[in-house]
Each structure stands twice: as C-alpha cells, then as structure tokens.
>>> print(open('run-v2.cif').read())   # mmCIF, C-alpha atoms
data_entry
#
loop_
_atom_site.group_PDB
_atom_site.id
_atom_site.type_symbol
_atom_site.label_atom_id
_atom_site.label_comp_id
_atom_site.auth_asym_id
_atom_site.auth_seq_id
_atom_site.Cartn_x
_atom_site.Cartn_y
_atom_site.Cartn_z
ATOM 1 C CA MET J 1 331.282 166.288 185.447
ATOM 2 C CA GLY J 2 329.045 167.784 182.759
ATOM 3 C CA ARG J 3 325.439 168.848 183.171
ATOM 4 C CA ASN J 4 322.858 168.248 180.481
ATOM 5 C CA TYR J 5 319.287 168.907 179.460
ATOM 6 C CA ILE J 6 317.311 165.971 178.083
ATOM 7 C CA VAL J 7 314.441 167.025 175.824
ATOM 8 C CA ALA J 8 311.755 165.093 173.982
ATOM 9 C CA ASP J 9 309.218 165.826 171.258
ATOM 10 C CA VAL J 10 306.305 163.390 171.164
ATOM 11 C CA GLY J 11 304.293 163.106 167.959
ATOM 12 C CA GLY J 12 301.436 160.878 166.934
ATOM 13 C CA THR J 13 303.736 158.308 165.311
ATOM 14 C CA HIS J 14 307.264 159.039 166.553
ATOM 15 C CA ILE J 15 309.173 160.290 169.589
ATOM 16 C CA ARG J 16 312.411 162.253 169.273
ATOM 17 C CA THR J 17 314.786 162.876 172.162
ATOM 18 C CA ALA J 18 318.032 164.822 172.406
ATOM 19 C CA CYS J 19 320.754 165.610 174.906
ATOM 20 C CA PHE J 20 322.001 169.202 175.114
ATOM 21 C CA PRO J 21 325.026 170.161 177.206
ATOM 22 C CA ILE J 22 323.870 172.929 179.520
ATOM 23 C CA GLN J 23 326.042 175.589 177.825
ATOM 24 C CA SER J 24 325.203 174.575 174.247
ATOM 25 C CA HIS J 25 322.313 174.832 171.793
ATOM 26 C CA VAL J 26 323.726 171.955 169.756
ATOM 27 C CA PRO J 27 322.717 168.423 170.795
ATOM 28 C CA THR J 28 325.357 165.784 171.417
ATOM 29 C CA ILE J 29 322.930 163.000 170.531
ATOM 30 C CA VAL J 30 319.470 162.731 168.950
ATOM 31 C CA LYS J 31 317.382 159.564 168.793
ATOM 32 C CA ARG J 32 314.021 158.781 167.199
ATOM 33 C CA ILE J 33 311.651 155.886 167.791
ATOM 34 C CA SER J 34 308.109 154.898 166.863
ATOM 35 C CA THR J 35 305.389 155.335 169.464
ATOM 36 C CA LYS J 36 304.194 151.863 168.451
ATOM 37 C CA GLY J 37 305.817 148.735 169.853
ATOM 38 C CA PRO J 38 305.597 146.088 172.563
ATOM 39 C CA ASN J 39 305.698 148.698 175.353
ATOM 40 C CA THR J 40 303.319 151.573 176.041
ATOM 41 C CA PRO J 41 304.198 154.954 174.483
ATOM 42 C CA HIS J 42 305.235 156.452 177.827
ATOM 43 C CA GLU J 43 307.469 153.447 178.532
ATOM 44 C CA ARG J 44 309.090 153.932 175.126
ATOM 45 C CA LEU J 45 309.578 157.597 175.940
ATOM 46 C CA ILE J 46 311.322 156.723 179.217
ATOM 47 C CA GLU J 47 313.512 154.177 177.400
ATOM 48 C CA LEU J 48 314.492 156.784 174.827
ATOM 49 C CA ILE J 49 315.302 159.363 177.507
ATOM 50 C CA ALA J 50 317.573 156.823 179.199
ATOM 51 C CA LEU J 51 319.190 156.056 175.854
ATOM 52 C CA VAL J 52 320.288 159.653 175.187
ATOM 53 C CA ALA J 53 321.224 160.463 178.794
ATOM 54 C CA PRO J 54 325.041 160.480 179.070
ATOM 55 C CA LYS J 55 326.561 158.089 181.570
ATOM 56 C CA ASP J 56 328.193 159.547 184.688
ATOM 57 C CA GLU J 57 326.940 163.058 183.922
ATOM 58 C CA GLU J 58 324.257 165.093 185.641
ATOM 59 C CA ILE J 59 320.824 165.721 184.149
ATOM 60 C CA ALA J 60 319.805 169.292 185.023
ATOM 61 C CA ALA J 61 316.233 168.908 183.744
ATOM 62 C CA ILE J 62 314.013 166.838 181.449
ATOM 63 C CA THR J 63 311.317 168.498 179.342
ATOM 64 C CA VAL J 64 308.755 167.026 176.974
ATOM 65 C CA ALA J 65 306.762 168.661 174.177
ATOM 66 C CA ALA J 66 303.536 166.670 173.959
ATOM 67 C CA PRO J 67 300.428 166.918 171.764
ATOM 68 C CA GLY J 68 296.914 167.655 172.867
ATOM 69 C CA PRO J 69 295.364 169.489 175.800
ATOM 70 C CA LEU J 70 297.448 169.138 178.943
ATOM 71 C CA ASP J 71 298.135 170.674 182.340
ATOM 72 C CA PRO J 72 301.666 172.122 182.193
ATOM 73 C CA PHE J 73 301.607 172.933 185.911
ATOM 74 C CA GLU J 74 300.938 169.383 187.110
ATOM 75 C CA GLY J 75 302.337 167.671 184.022
ATOM 76 C CA ILE J 76 299.180 165.734 183.217
ATOM 77 C CA ILE J 77 298.210 164.836 179.637
ATOM 78 C CA TYR J 78 294.437 165.205 179.384
ATOM 79 C CA GLU J 79 294.162 163.646 175.945
ATOM 80 C CA ALA J 80 296.791 163.088 173.258
ATOM 81 C CA PRO J 81 295.454 162.463 169.736
ATOM 82 C CA ASN J 82 296.690 159.228 168.155
ATOM 83 C CA ILE J 83 298.549 158.035 171.278
ATOM 84 C CA PRO J 84 296.703 155.128 172.924
ATOM 85 C CA GLY J 85 296.345 155.351 176.680
ATOM 86 C CA TRP J 86 297.381 158.986 177.014
ATOM 87 C CA ASN J 87 294.250 160.105 178.829
ATOM 88 C CA ASN J 88 294.729 161.866 182.175
ATOM 89 C CA LEU J 89 298.276 160.521 182.138
ATOM 90 C CA PRO J 90 300.539 161.916 184.932
ATOM 91 C CA LEU J 91 303.530 162.013 182.601
ATOM 92 C CA LYS J 92 305.595 164.443 184.689
ATOM 93 C CA LYS J 93 305.352 162.216 187.779
ATOM 94 C CA LEU J 94 306.152 159.069 185.810
ATOM 95 C CA ILE J 95 309.348 160.603 184.419
ATOM 96 C CA GLN J 96 310.302 162.246 187.701
ATOM 97 C CA ASP J 97 309.883 158.987 189.602
ATOM 98 C CA GLN J 98 312.192 157.296 187.113
ATOM 99 C CA PHE J 99 314.993 159.864 186.867
ATOM 100 C CA LYS J 100 314.727 161.928 190.098
ATOM 101 C CA VAL J 101 315.355 165.269 188.357
ATOM 102 C CA PRO J 102 313.221 168.356 187.591
ATOM 103 C CA VAL J 103 310.703 167.576 184.823
ATOM 104 C CA ALA J 104 308.321 169.807 182.868
ATOM 105 C CA ILE J 105 305.688 169.006 180.246
ATOM 106 C CA GLY J 106 304.414 171.504 177.680
ATOM 107 C CA ASN J 107 301.949 171.540 174.809
ATOM 108 C CA ASP J 108 303.927 171.022 171.608
ATOM 109 C CA ALA J 109 302.568 174.100 169.801
ATOM 110 C CA ASN J 110 303.128 176.297 172.859
ATOM 111 C CA LEU J 111 306.708 175.077 173.106
ATOM 112 C CA ALA J 112 307.192 175.589 169.375
ATOM 113 C CA ALA J 113 306.343 179.256 169.978
ATOM 114 C CA LEU J 114 308.839 179.329 172.837
ATOM 115 C CA GLY J 115 311.496 177.701 170.646
ATOM 116 C CA GLU J 116 311.014 180.151 167.772
ATOM 117 C CA TRP J 117 311.123 183.057 170.224
ATOM 118 C CA ARG J 118 314.323 181.865 171.894
ATOM 119 C CA PHE J 119 316.217 180.354 168.964
ATOM 120 C CA GLY J 120 314.397 180.967 165.668
ATOM 121 C CA ALA J 121 312.423 183.502 163.664
ATOM 122 C CA GLY J 122 311.135 185.234 166.793
ATOM 123 C CA VAL J 123 314.510 186.187 168.274
ATOM 124 C CA GLY J 124 314.466 189.832 169.353
ATOM 125 C CA HIS J 125 310.664 190.068 169.530
ATOM 126 C CA HIS J 126 308.754 190.591 172.771
ATOM 127 C CA HIS J 127 305.272 189.823 171.382
ATOM 128 C CA LEU J 128 304.868 186.788 169.098
ATOM 129 C CA VAL J 129 302.176 184.552 167.667
ATOM 130 C CA TYR J 130 303.128 181.104 166.363
ATOM 131 C CA ILE J 131 300.733 178.945 164.315
ATOM 132 C CA THR J 132 301.452 175.438 163.119
ATOM 133 C CA VAL J 133 299.459 174.289 160.080
ATOM 134 C CA SER J 134 299.785 170.560 159.616
ATOM 135 C CA THR J 135 297.518 167.587 160.376
ATOM 136 C CA GLY J 136 295.870 169.947 162.838
ATOM 137 C CA ILE J 137 296.327 173.605 163.691
ATOM 138 C CA GLY J 138 297.927 174.602 166.962
ATOM 139 C CA GLY J 139 299.451 177.749 168.322
ATOM 140 C CA GLY J 140 301.443 179.535 170.944
ATOM 141 C CA VAL J 141 301.673 183.143 172.069
ATOM 142 C CA ILE J 142 304.455 185.139 173.692
ATOM 143 C CA ILE J 143 303.348 188.305 175.510
ATOM 144 C CA ASP J 144 305.952 190.587 177.123
ATOM 145 C CA ASN J 145 308.545 187.801 176.796
ATOM 146 C CA GLN J 146 306.295 185.314 178.604
ATOM 147 C CA LEU J 147 304.605 182.226 177.188
ATOM 148 C CA LEU J 148 300.833 182.621 177.511
ATOM 149 C CA LEU J 149 299.413 179.602 179.365
ATOM 150 C CA GLY J 150 296.126 180.731 180.909
ATOM 151 C CA ALA J 151 294.572 179.737 184.217
ATOM 152 C CA HIS J 152 294.659 176.004 183.513
ATOM 153 C CA GLY J 153 297.455 175.903 180.926
ATOM 154 C CA LEU J 154 294.968 175.631 178.072
ATOM 155 C CA ALA J 155 295.474 178.996 176.356
ATOM 156 C CA ALA J 156 296.361 179.614 172.690
ATOM 157 C CA GLU J 157 294.320 176.876 171.007
ATOM 158 C CA LEU J 158 294.489 179.047 167.900
ATOM 159 C CA GLY J 159 293.162 176.365 165.555
ATOM 160 C CA HIS J 160 289.867 176.158 167.376
ATOM 161 C CA ILE J 161 288.328 179.534 166.727
ATOM 162 C CA THR J 162 285.211 179.584 164.560
ATOM 163 C CA VAL J 163 285.750 181.066 161.093
ATOM 164 C CA VAL J 164 282.799 179.417 159.307
ATOM 165 C CA PRO J 165 279.703 179.204 161.509
ATOM 166 C CA ASP J 166 278.035 175.810 160.953
ATOM 167 C CA GLY J 167 280.933 174.957 158.630
ATOM 168 C CA PRO J 168 282.797 171.665 158.171
ATOM 169 C CA LEU J 169 283.169 169.340 161.126
ATOM 170 C CA CYS J 170 286.456 169.771 162.973
ATOM 171 C CA GLY J 171 288.413 166.852 164.398
ATOM 172 C CA CYS J 172 287.480 168.106 167.874
ATOM 173 C CA GLY J 173 283.790 167.534 167.121
ATOM 174 C CA LYS J 174 282.783 171.178 166.684
ATOM 175 C CA ARG J 175 281.904 172.859 163.389
ATOM 176 C CA GLY J 176 283.579 175.632 161.456
ATOM 177 C CA HIS J 177 286.855 175.827 163.334
ATOM 178 C CA LEU J 178 289.950 177.120 161.538
ATOM 179 C CA GLU J 179 291.402 173.610 161.706
ATOM 180 C CA ALA J 180 288.385 172.288 159.774
ATOM 181 C CA VAL J 181 289.128 174.486 156.753
ATOM 182 C CA THR J 182 292.873 175.233 156.757
ATOM 183 C CA SER J 183 294.680 172.162 158.125
ATOM 184 C CA GLY J 184 296.432 169.875 155.653
ATOM 185 C CA PRO J 185 293.675 167.221 155.680
ATOM 186 C CA ALA J 186 290.995 169.932 155.328
ATOM 187 C CA ILE J 187 292.694 171.371 152.253
ATOM 188 C CA ALA J 188 293.024 167.888 150.767
ATOM 189 C CA ARG J 189 289.360 167.042 151.488
ATOM 190 C CA TRP J 190 288.187 170.187 149.725
ATOM 191 C CA VAL J 191 290.218 169.228 146.645
ATOM 192 C CA GLU J 192 288.707 165.733 146.675
ATOM 193 C CA GLN J 193 285.211 167.239 146.834
ATOM 194 C CA GLU J 194 285.965 169.495 143.873
ATOM 195 C CA LEU J 195 287.425 166.595 141.891
ATOM 196 C CA SER J 196 284.270 164.562 142.565
ATOM 197 C CA GLN J 197 282.290 167.406 140.955
ATOM 198 C CA GLY J 198 284.379 167.131 137.806
ATOM 199 C CA ILE J 199 286.648 170.144 138.356
ATOM 200 C CA PRO J 200 289.737 169.596 136.150
ATOM 201 C CA SER J 201 293.120 169.099 137.759
ATOM 202 C CA VAL J 202 296.363 167.175 137.368
ATOM 203 C CA LEU J 203 295.487 165.600 140.703
ATOM 204 C CA PRO J 204 293.855 162.156 140.410
ATOM 205 C CA ALA J 205 290.182 161.779 141.268
ATOM 206 C CA ASN J 206 290.434 158.056 142.025
ATOM 207 C CA ARG J 207 292.711 158.006 145.071
ATOM 208 C CA PRO J 208 293.169 159.920 148.349
ATOM 209 C CA ILE J 209 294.887 163.318 148.092
ATOM 210 C CA THR J 210 297.336 164.762 150.639
ATOM 211 C CA ALA J 211 298.182 168.383 151.335
ATOM 212 C CA LYS J 212 301.673 167.636 150.027
ATOM 213 C CA ASP J 213 300.126 166.528 146.716
ATOM 214 C CA VAL J 214 298.163 169.781 146.592
ATOM 215 C CA SER J 215 301.241 171.875 147.322
ATOM 216 C CA LEU J 216 303.250 170.146 144.603
ATOM 217 C CA ALA J 217 300.462 170.537 142.038
ATOM 218 C CA ALA J 218 300.075 174.208 142.953
ATOM 219 C CA SER J 219 303.787 174.794 142.379
ATOM 220 C CA LYS J 220 303.311 173.413 138.854
ATOM 221 C CA GLY J 221 300.467 175.809 138.127
ATOM 222 C CA ASP J 222 297.443 173.599 138.759
ATOM 223 C CA GLU J 223 294.493 175.962 139.211
ATOM 224 C CA LEU J 224 292.468 173.742 141.536
ATOM 225 C CA ALA J 225 295.445 173.169 143.834
ATOM 226 C CA GLN J 226 296.181 176.891 143.871
ATOM 227 C CA ALA J 227 292.545 177.630 144.673
ATOM 228 C CA ALA J 228 292.651 175.142 147.553
ATOM 229 C CA LEU J 229 295.708 176.775 149.108
ATOM 230 C CA ALA J 230 294.213 180.230 148.530
ATOM 231 C CA ARG J 231 291.012 179.148 150.279
ATOM 232 C CA GLY J 232 292.922 177.794 153.283
ATOM 233 C CA GLY J 233 295.213 180.815 153.348
ATOM 234 C CA THR J 234 292.289 183.219 153.240
ATOM 235 C CA TYR J 235 290.652 181.645 156.282
ATOM 236 C CA LEU J 236 293.987 181.715 158.100
ATOM 237 C CA GLY J 237 294.445 185.382 157.194
ATOM 238 C CA ILE J 238 291.009 186.177 158.626
ATOM 239 C CA ALA J 239 291.941 184.352 161.833
ATOM 240 C CA ILE J 240 295.311 186.111 162.050
ATOM 241 C CA ALA J 241 293.553 189.485 161.814
ATOM 242 C CA ASP J 242 291.645 188.436 164.946
ATOM 243 C CA TYR J 243 294.892 187.387 166.651
ATOM 244 C CA LEU J 244 296.394 190.787 165.808
ATOM 245 C CA HIS J 245 293.439 192.502 167.483
ATOM 246 C CA ILE J 246 293.794 190.354 170.612
ATOM 247 C CA PHE J 247 297.584 189.993 171.018
ATOM 248 C CA ASN J 248 299.088 192.847 168.945
ATOM 249 C CA PRO J 249 302.319 190.953 168.114
ATOM 250 C CA THR J 250 305.291 192.200 166.105
ATOM 251 C CA VAL J 251 305.834 188.836 164.426
ATOM 252 C CA VAL J 252 303.527 186.025 163.279
ATOM 253 C CA ILE J 253 305.346 182.771 162.524
ATOM 254 C CA ILE J 254 303.697 179.953 160.580
ATOM 255 C CA GLY J 255 305.111 176.443 160.859
ATOM 256 C CA GLY J 256 304.008 172.953 159.871
ATOM 257 C CA GLY J 257 303.983 171.190 156.531
ATOM 258 C CA VAL J 258 301.400 173.402 154.824
ATOM 259 C CA SER J 259 303.554 176.477 155.519
ATOM 260 C CA GLN J 260 306.058 175.115 152.992
ATOM 261 C CA SER J 261 303.605 175.760 150.139
ATOM 262 C CA GLY J 262 305.129 179.184 149.433
ATOM 263 C CA GLU J 263 303.332 182.169 147.955
ATOM 264 C CA SER J 264 300.298 180.120 146.906
ATOM 265 C CA PHE J 265 299.544 179.983 150.640
ATOM 266 C CA PHE J 266 301.159 183.156 152.007
ATOM 267 C CA LYS J 267 299.832 185.651 149.439
ATOM 268 C CA PRO J 268 296.141 185.039 150.308
ATOM 269 C CA ILE J 269 297.054 185.132 154.012
ATOM 270 C CA ARG J 270 298.501 188.619 153.649
ATOM 271 C CA LYS J 271 295.554 189.773 151.526
ATOM 272 C CA ALA J 272 292.940 188.530 154.012
ATOM 273 C CA MET J 273 294.866 189.998 156.942
ATOM 274 C CA SER J 274 294.916 193.447 155.371
ATOM 275 C CA GLU J 275 291.222 193.253 154.442
ATOM 276 C CA HIS J 276 290.002 192.137 157.872
ATOM 277 C CA VAL J 277 292.269 193.967 160.285
ATOM 278 C CA LEU J 278 290.628 196.766 162.272
ATOM 279 C CA SER J 279 293.361 199.307 161.577
ATOM 280 C CA SER J 280 296.494 199.401 159.448
ATOM 281 C CA LYS J 281 298.345 200.215 162.675
ATOM 282 C CA TYR J 282 298.192 196.509 163.531
ATOM 283 C CA LEU J 283 300.198 195.770 160.368
ATOM 284 C CA GLU J 284 302.788 198.478 160.967
ATOM 285 C CA ASN J 285 306.234 196.827 161.121
ATOM 286 C CA LEU J 286 304.531 193.431 161.500
ATOM 287 C CA ILE J 287 306.562 190.483 160.229
ATOM 288 C CA LEU J 288 304.742 187.468 158.778
ATOM 289 C CA THR J 289 307.176 184.633 158.199
ATOM 290 C CA SER J 290 307.631 180.874 158.213
ATOM 291 C CA SER J 291 309.307 178.861 160.947
ATOM 292 C CA SER J 292 313.095 178.841 160.847
ATOM 293 C CA LEU J 293 313.506 175.766 163.079
ATOM 294 C CA GLY J 294 311.603 173.308 160.871
ATOM 295 C CA ASP J 295 311.287 169.795 162.256
ATOM 296 C CA ASP J 296 313.479 170.696 165.245
ATOM 297 C CA VAL J 297 311.024 173.277 166.586
ATOM 298 C CA GLY J 298 309.610 170.870 169.207
ATOM 299 C CA LEU J 299 313.031 169.862 170.526
ATOM 300 C CA MET J 300 314.223 173.471 170.611
ATOM 301 C CA GLY J 301 311.048 174.550 172.387
ATOM 302 C CA ALA J 302 311.571 171.823 174.962
ATOM 303 C CA LEU J 303 315.163 173.034 175.367
ATOM 304 C CA ALA J 304 313.936 176.595 175.979
ATOM 305 C CA LEU J 305 311.550 175.232 178.626
ATOM 306 C CA ALA J 306 314.366 173.208 180.224
ATOM 307 C CA GLN J 307 316.506 176.339 180.508
ATOM 308 C CA THR J 308 313.573 178.195 182.040
ATOM 309 C CA ILE J 309 312.807 175.641 184.734
ATOM 310 C CA ASN J 310 316.498 175.163 185.510
ATOM 311 C CA ASN J 311 316.956 178.910 185.988
ATOM 312 C CA ALA J 312 313.892 178.937 188.227
ATOM 313 C CA ALA J 313 315.393 176.038 190.225
ATOM 314 C CA ILE J 314 312.196 174.018 190.064
#
>>> encode(input="run-v2.cif", output="structure tokens")
Amino acid sequence: MGRNYIVADVGGTHIRTACFPIQSHVPTIVKRISTKGPNTPHERLIELIALVAPKDEEIAAITVAAPGPLDPFEGIIYEAPNIPGWNNLPLKKLIQDQFKVPVAIGNDANLAALGEWRFGAGVGHHHLVYITVSTGIGGGVIIDNQLLLGAHGLAAELGHITVVPDGPLCGCGKRGHLEAVTSGPAIARWVEQELSQGIPSVLPANRPITAKDVSLAASKGDELAQAALARGGTYLGIAIADYLHIFNPTVVIIGGGVSQSGESFFKPIRKAMSEHVLSSKYLENLILTSSSLGDDVGLMGALALAQTINNAAI
C-alpha cells in the first residue's frame, strides 16, 4: 500500500491541493477550487483534501500553506486576509480531527522560501531570503538550512519594514511599509496618481490600473510605467540591502506577479542594493534571481514541510 503526502495552498480566492507519493516530487493529482461557496472556506479545504486523497492508501502527513499571521506550532490562523471567518481558527486541529494523521500549517511566504530552497532556485544554498511581490509583500528566510520562524512563528514579515517614514498607508494600517510602495496595487496606485496629474502614458486615465497593465506598458517602452517599476524596485533594493545586513544570504529570490516585470524591475533593485549596502562584501557571490517554481511555489513549500514533519515523526 502506498504512502502519500497531501498538501494545500490557500489563497484569497482559490485553494489548490495535491497528492504526492512519498518518494516523488511529482503530484499524482492536483485540484483547485474557489474559497467561495455554500460551505465555509475551511470546510471546502477539507473537502478538497478528501478529494485528492487516494483511496486505500496511507496519508503520511497533510500540510497547508496559508496566508496571514499564524502560529505554525499550534496550527492556529490568527487572521487571513480576504478569507471570511479565518480569525483565531484552529485549522491544524480541524484537519487532524477529520483525517487522524500528522498535520502542519505554515505561512505561505515562509513555505515558499522553504520550497525554493528544497526544490527551486535556492537548491544548494544554506542561507536564503525569499520575497514575494504581489498583492502584498511577504517573505521567508533560511538560516543554516533552517526556516526562520521566531519565538511565536511570526518572523520574516519582510514586507512590513518601514522604508518611507510617514509614507503611504499600508494594508496593515501602518504607514510607509515596503508593501505600501512596492506591492502590485501600490505600483498601480502611484501610476493612477501620476495620470491624474496629467503625466502622459499609453495607460488610460479613466479606469483602474493593475500592476500587470503597468508591466505590459513598461515592456513596450512607456516611460511612466517604467518609472513606476523603477520606483518600486528602488524601494525593494533599499530593503534588500537591510536584509543582507541582517541575514547575510547567498541568494535572494523574488517571486510573485510583479517579479515577472523583467529588467524594468530588477535593474533598479540591483542599483539600490549596491548603493545602500554597508560593504561590497555583502554582494560578493550573491545571487539575485526570480522564483523558479512559479505558481507551484506554495504547493512545493507545503511538500517540503510535509517531508520535514514526517522525518521528525510528528
């Protein structure tokens, strides 16, 4: 009888689950479902786990990559953005009670770092920083081959460092955080503000702009779009210089939709890093690259966690 890992990646609008045979990094089945529906999101998650679980085969472990601040030790979701009812939710217990197998919950950005380290662009590195730049900005850090969690599992909130004192309001309610100036929505908002001031662009001034719109316009040479990505990239480069001082990694991996904007985004990152870093020694043999796992980074991070807890016989 085969043994399998069941992994899940929970987003604001969709849940993805997969079944991995214990000796394979290739899933036998992947399913996706909306978080919205007649049942609660955690009930839909449990349904989807049951759907991908093979019949008459053993489940070695179940792991879930979930958004928002959470307690990875107790498996409690403190608050998940855009998921109704996920406040102080004992998700680990709910899943364990249903399936009677070892269960672990991890922050999605932390597990993305773990996934890239185990299976992606971070393979072979012992010290890694992962940053996802999308609707928000999250992060994860590997130090001496260990995922950095902190005393309460809340470490590596890399999007919530202050880069512009008294700057734009962040989604968390504080001002001037990296997320408030470099996330996809922040980049798009800045473009909309510039358009409202009459700055010329191929982008329309009479409808909402997305970061994807900005990226596409930048690739076609639009100066405003390029300036927007350069602005966001510069702030990220300044933040990364701080991360280099604190964590001294050998690789920095950037994931999320905005990371697909190419050199319009990465060139100003590298420039700001080199200008703000304390010593060129921090840049020696440092690799700055984009995620190699793409949309699968959450599932692969959850798989890496499943292998870890199984080996530890939790």
>>> resolve_selection(input="run-v2.cif", expression="the PyMOL selection byres ((chain J and resi 304) around 9)", output="CSV table (one decimal) with C-alpha atoms, in the frame of the given file")
chain,number,residue,atom,x,y,z
J,111,LEU,CA,306.7,175.1,173.1
J,114,LEU,CA,308.8,179.3,172.8
J,115,GLY,CA,311.5,177.7,170.6
J,118,ARG,CA,314.3,181.9,171.9
J,119,PHE,CA,316.2,180.4,169.0
J,299,LEU,CA,313.0,169.9,170.5
J,300,MET,CA,314.2,173.5,170.6
J,301,GLY,CA,311.0,174.6,172.4
J,302,ALA,CA,311.6,171.8,175.0
J,303,LEU,CA,315.2,173.0,175.4
J,305,LEU,CA,311.6,175.2,178.6
J,306,ALA,CA,314.4,173.2,180.2
J,307,GLN,CA,316.5,176.3,180.5
J,308,THR,CA,313.6,178.2,182.0
J,309,ILE,CA,312.8,175.6,184.7
>>> resolve_selection(input="run-v2.cif", expression="the PyMOL selection byres ((chain J and resi 220-228) around 8)", output="list in words")
Ile187, Ala188, Trp190, Val191, Ile199, Pro200, Ser201, Val202, Val214, Ser215, Leu216, Ala217, Ala218, Ser219, Leu229, Ala230, Arg231, Gly232 and Ser264 of chain J
>>> residues_near_point(input="run-v2.cif", point="(311.3, 181.9, 157.6)", cutoff="8 Å", atoms="only C-alpha atoms", output="list of chain:residue names")
J:Ala121, J:Ile253, J:Thr289, J:Ser290, J:Ser291, J:Ser292
>>> resolve_selection(input="run-v2.cif", expression="the PyMOL selection byres ((chain J and resi 282) around 9)", output="ChimeraX atom specification")
/J:241,244-245,248-250,277-281,283-286
>>> write_last_selection(input="run-v2.cif", atoms="C-alpha atoms", output="PDB file, in the coordinates of the input")
ATOM      1  CA  ALA J 241     293.553 189.485 161.814  1.00  0.00           C
ATOM      2  CA  LEU J 244     296.394 190.787 165.808  1.00  0.00           C
ATOM      3  CA  HIS J 245     293.439 192.502 167.483  1.00  0.00           C
ATOM      4  CA  ASN J 248     299.088 192.847 168.945  1.00  0.00           C
ATOM      5  CA  PRO J 249     302.319 190.953 168.114  1.00  0.00           C
ATOM      6  CA  THR J 250     305.291 192.200 166.105  1.00  0.00           C
ATOM      7  CA  VAL J 277     292.269 193.967 160.285  1.00  0.00           C
ATOM      8  CA  LEU J 278     290.628 196.766 162.272  1.00  0.00           C
ATOM      9  CA  SER J 279     293.361 199.307 161.577  1.00  0.00           C
ATOM     10  CA  SER J 280     296.494 199.401 159.448  1.00  0.00           C
ATOM     11  CA  LYS J 281     298.345 200.215 162.675  1.00  0.00           C
ATOM     12  CA  LEU J 283     300.198 195.770 160.368  1.00  0.00           C
ATOM     13  CA  GLU J 284     302.788 198.478 160.967  1.00  0.00           C
ATOM     14  CA  ASN J 285     306.234 196.827 161.121  1.00  0.00           C
ATOM     15  CA  LEU J 286     304.531 193.431 161.500  1.00  0.00           C
TER      16      LEU J 286
END
>>> closest_residue(input="run-v2.cif", among="J:Gly124, J:Asp144, J:Ile240, J:Ser196", to="His276 of chain J", atoms="only C-alpha atoms")
J:Ile240
>>> axis_aligned_box(input="run-v2.cif", around="segment 71-75 of chain J", padding_each_side="4 Å", output="AutoDock Vina command-line options")
--center_x 300.2 --center_y 170.3 --center_z 184.7 --size_x 12.2 --size_y 13.3 --size_z 12.9
>>> atom_distance(input="run-v2.cif", atom1="atom CA of Gly140 of chain J", atom2="atom CA of Thr63 of chain J")
17.0 Å
>>> closest_residue(input="run-v2.cif", among="J:Thr135, J:His25, J:Gly150, J:Ala155", to="Cys170 of chain J", atoms="all atoms listed in the file")
J:Thr135
>>> atom_distance(input="run-v2.cif", atom1="atom CA of Glu263 of chain J", atom2="atom CA of Thr132 of chain J")
16.7 Å
>>> residues_around(input="run-v2.cif", residues="His160 of chain J", least_positions_apart="5", cutoff="12 Å", atoms="only C-alpha atoms", output="PyMOL selection string")
chain J and resi 131+136-139+154-155+169-183+236+239
>>> residues_around(input="run-v2.cif", residues="Gly233 of chain J", least_positions_apart="5", cutoff="7 Å", atoms="only C-alpha atoms", output="list of chain:residue names")
J:Thr182, J:Phe265, J:Phe266, J:Pro268, J:Ile269
>>> closest_residue(input="run-v2.cif", among="J:Arg16, J:Lys267, J:Lys55, J:His152", to="Ile33 of chain J", atoms="all atoms listed in the file")
J:Arg16
>>> closest_residue(input="run-v2.cif", among="J:Ser134, J:Ile49, J:Ile238, J:Glu157", to="Thr210 of chain J", atoms="only C-alpha atoms")
J:Ser134
>>> closest_residue(input="run-v2.cif", among="J:Ala205, J:Ile6, J:Ile76, J:Val163", to="Gly106 of chain J", atoms="all atoms listed in the file")
J:Ile76
